[in-house]
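Participant: Handing you a structure now.
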Amino acid sequence: MTVEQIYTGCLAQGAYYVESKGEAIVIDPLREVQPYIEKAEKNGAKIKYVFETHFHADFVSGHIDLAKKTGAKIVYGPTSAKTGFETYIAQDGEVFNIGDVKIKVLHTPGHTMESSCYLLIDENGKETALFTGDTLFIGDVGRPDLAQHVISDLTEEKLAGHLFDSLRNKIMPLNDDLIVYPAHGAGSACGKNM
């Protein structure tokens, strides 16, 4: 199993490439998709899924181009939003097989209502990593004030409550030795104090 971060410093944005036994996924791909395609081709792997942790407002995702060029399926966590492109809406707890490893969807609303984290389970069944998108950063959490501009009956307080519940009920019960892979680092506007 390989996990690689593809980081764009000017956006403080991290995308992730995960590969196992000839199958690969990309999580939160950046607009320029050729590096993911080249990596998969070099390794003799097929990109099977493109996982999005939420609908991004801070950068242009390459999910549509990557899906068109590779035949990969675009996956979002639970949402009632309608997209203008082919998308698979996963259920909370749904598991996807990638080679010998698995990705489990953890719906973690708060930053946005569709925010989801993806739990990586290795070939031995051990939970090893968590791709947190904008739900959890290193030393911070995602801003709970963005989705209120999209859904009229949401308030920052309601979103903060959802985020608290997501962190408390979905993330904190996980093993302490998980590696956390957030979507942003220092310099991003998505965390309030980074």
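By order in the structure tokens, chains are A, B, ...; within a chain, residues start at 1; ligands start at 1, following the order shown.
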List as number ranges by chain the protein and nucleic acid residues near range 175-182 of chain A, meaning an atom at most 6 Å away when only C-alpha atoms are counted, but skip any in the same chain fewer than 3 places from it.
Facilitator: A: 128-133, 137
Participant: Range 57-183 of chain A: which residues are strand (DSSP E or B) by DSSP, as a ChimeraX atom specification?
Facilitator: /A:61,73-76,88-89,95-98,101-107,116-121,127-133,136-137,140-142,179-182
Participant: Between A:Asp165, A:Asp92, A:Glu156, A:Asp65, which residue has the minimum interatomic distance to Thr135 in chain A, considering only C-alpha atoms?
Facilitator: A:Asp165
Participant: Considering only C-alpha atoms, state which residue in the set A:Glu4, A:Leu66, A:Ile47, A:Thr53 is at the smallest distance from Arg31 in chain A.
Facilitator: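 Counting only C-alpha atoms, the residue closest to Arg31 in chain A is A:Leu66.
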Participant: For CA of Lys170 in chain A and CA of Glu127 in chain A, determine how far apart the two atoms are, in Å to one decimal place.
Facilitator: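 Calculated distance between CA of Lys170 in chain A and CA of Glu127 in chain A is 13.4 Å.
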Participant: To one decimal in Å, tell me the separation between CA of Ile37 in chain A and CA of Glu23 in chain A.
Facilitator: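 Computed distance, CA of Ile37 in chain A to CA of Glu23 in chain A, equals 12.2 Å.
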Participant: Output as a VMD selection string all residues of range 8-180 of chain A that backbone DSSP marks as alpha helix (DSSP H).
Facilitator: chain A and resid 34 to 43 63 to 70 156 to 166
Participant: Go ahead and write the residues just picked, C-alpha atoms, as a PDB file, in the first residue's frame.
Facilitator:
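To be explicit, this is the file written out as part09.pdb:
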ATOM      1  CA  GLN A  34      -1.874  14.782 -15.063  1.00  0.00           C
ATOM      2  CA  PRO A  35       0.396  14.009 -12.059  1.00  0.00           C
ATOM      3  CA  TYR A  36      -2.146  11.478 -10.733  1.00  0.00           C
ATOM      4  CA  ILE A  37      -2.555   9.867 -14.140  1.00  0.00           C
ATOM      5  CA  GLU A  38       1.209   9.651 -14.685  1.00  0.00           C
ATOM      6  CA  LYS A  39       1.752   8.166 -11.227  1.00  0.00           C
ATOM      7  CA  ALA A  40      -0.869   5.467 -11.847  1.00  0.00           C
ATOM      8  CA  GLU A  41       0.502   4.676 -15.320  1.00  0.00           C
ATOM      9  CA  LYS A  42       4.075   4.478 -13.992  1.00  0.00           C
ATOM     10  CA  ASN A  43       2.965   2.009 -11.316  1.00  0.00           C
ATOM     11  CA  HIS A  63     -12.452  15.412 -10.097  1.00  0.00           C
ATOM     12  CA  ILE A  64     -14.462  15.725 -13.326  1.00  0.00           C
ATOM     13  CA  ASP A  65     -11.409  15.737 -15.618  1.00  0.00           C
ATOM     14  CA  LEU A  66      -9.794  12.897 -13.686  1.00  0.00           C
ATOM     15  CA  ALA A  67     -12.953  10.790 -13.934  1.00  0.00           C
ATOM     16  CA  LYS A  68     -13.284  11.489 -17.676  1.00  0.00           C
ATOM     17  CA  LYS A  69      -9.663  10.610 -18.395  1.00  0.00           C
ATOM     18  CA  THR A  70      -9.489   7.464 -16.254  1.00  0.00           C
ATOM     19  CA  GLU A 156     -22.924  29.180  12.118  1.00  0.00           C
ATOM     20  CA  GLU A 157     -24.058  27.939  15.530  1.00  0.00           C
ATOM     21  CA  LYS A 158     -25.918  24.957  14.028  1.00  0.00           C
ATOM     22  CA  LEU A 159     -22.926  24.076  11.872  1.00  0.00           C
ATOM     23  CA  ALA A 160     -20.586  24.383  14.862  1.00  0.00           C
ATOM     24  CA  GLY A 161     -22.878  21.987  16.736  1.00  0.00           C
ATOM     25  CA  HIS A 162     -22.743  19.510  13.851  1.00  0.00           C
ATOM     26  CA  LEU A 163     -18.957  19.843  13.756  1.00  0.00           C
ATOM     27  CA  PHE A 164     -18.693  19.248  17.510  1.00  0.00           C
ATOM     28  CA  ASP A 165     -20.856  16.120  17.203  1.00  0.00           C
ATOM     29  CA  SER A 166     -18.835  14.871  14.218  1.00  0.00           C
TER      30      SER A 166
END
Participant: Of the residues A:Glu32, A:Asp153, A:Glu52, A:Asp122, which is the one nearest to Asp134 in chain A, using only C-alpha atoms?
Facilitator: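 Under the stated criterion, the closest residue is A:Glu52.
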